[in-house]
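Below is one structure, written out as structure tokens; the observations come after it.
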Amino acid sequence: MSRRPPVFIVGAHRSGTTWLTQQLAETGLFSVLTAFHVIEWQGIEAAARGDGPRPDPSDLRQRLQSLGLSHRATDEVVIRPDTPEEYGYLLLQGGQKSWLKATSVPLLKRVVDVLQAEHPDRTVLLKNPWDYGNEEALLDAFPDARFIAIHRHPLAVVQSSVRMFRRIWVEPDPYTALLSARYRKLWAGTWSRRLFKWLASERNSVDLHITLGGLVGSHRKHQRTWPRLPPSRAVSLRYEDLVLDPAGGIGAVLEQLGLDGGRAPQTAAMPSGATLSPELERHRRFINWRTQAYRERWGYTDDGAHVALEVLR
């Protein structure tokens, strides 16, 4: 199959990758990996091989409704079969790590082929926060790929990440369970469940420090690898700027990628008015110190004002 150069969105977890993907998908220019693909991947892949009927998205829609799933508990993103999702879940389904390695390249290429076959006239668009800082592996696998990096104030990223982690480990999250067999397995195990519940305790803030350490490491890898990418195929933007001017931001991204036309994006960000939690306020100076180089690179102050911007739709 003739494959168009895919576009990869890279950015830390909770940096706005889902919202950015939604905005780009709404232009009609992209074939996007969705919750339907992740949850029904085995049936979709079998159908692509000619080994059975293709699953029907309406069946998944009814299943989501029967489970009472209308919005993600972690950020209020609407849950539908066409909700954008990470290909890292598919790598995990294939027995791989959630980030791209040489052993998982054939699986990711199969994903790209399936998405391209669904919409031959569109460009495949994929996101996976686990591959933030792993752009060279993506470029090795797809030498003609293009990249969009989205950045967000570290205080906002840490606060949102910790909140997400605690929401899915204090109580089981049915949507995450649909996406991830690993999550279901960890919840089913007595000791693993106890471990993650302990990590999710606000009393010790262990999850905050783990999150911060992973974020700093990803920032460093990204800042080392990004300059090695072909400048004509690597676009960077800030989440906060996109919130202020979604149409202008998406238009600029498309122009830099050499893509023309498309519909105007519709899904707007909704400022939540959230401020730093008391826990994050206690750790604010430490977080700012650990992320100083990144903040200076992207023009972020240390006052945490950007935390007030949340994607709630």
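Chain labels A, B, ... are given in the sequence in which chains occur in the structure tokens; within each chain residues are numbered consecutively from 1, and ligands are likewise numbered from 1 in the order shown.
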So that each row is one residue of region 44-158 of chain A with an atom at most 8 Å from region 282-296 of chain A, can you give its shortest atom pair and the distance in Å to one decimal, using only C-alpha atoms, rows by chain and rising number, as JSON lines?
{"residue": "A:His153", "atom": "CA", "partner": "A:Arg295", "partner_atom": "CA", "distance": 7.3}
{"residue": "A:Pro154", "atom": "CA", "partner": "A:Thr291", "partner_atom": "CA", "distance": 7.0}
{"residue": "A:Leu155", "atom": "CA", "partner": "A:Ile287", "partner_atom": "CA", "distance": 7.1}
Which parts of region 63-263 of chain A does DSSP call alpha helix (DSSP H) when run on the backbone here, written out as a ChimeraX atom specification? /A:63-66,88-93,105-118,135-141,154-170,174-179,181-188,190-199,206-225,239-244,246-257
What is the CA of Thr18 (chain A) to CA of Ala156 (chain A) distance in Å?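 So the answer is 15.4 Å.
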Residues at most 10 Å from region 221-233 of chain A, counting only C-alpha atoms, excluding those fewer than 5 positions away in the same chain, as number ranges by chain? A: 7, 10-12, 131-137, 139, 144-149, 215-216, 256-258, 293-294, 297
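Of note, CA of Leu108 (chain A) and CA of Gly28 (chain A) are spaced 22.3 Å apart.
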Report the distance between CA of Lys109 (chain A) and CA of Tyr175 (chain A) in Å, rounded to one decimal place.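 Going from CA of Lys109 (chain A) over to CA of Tyr175 (chain A), I get 25.9 Å.
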For Glu171 (chain A), which residue among A:Val112, A:Ile150, A:Ala73, A:Val38 is the nearest when counting only C-alpha atoms?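 Ranking A:Val112, A:Ile150, A:Ala73, A:Val38 by distance to Glu171 (chain A), first place goes to A:Ala73.
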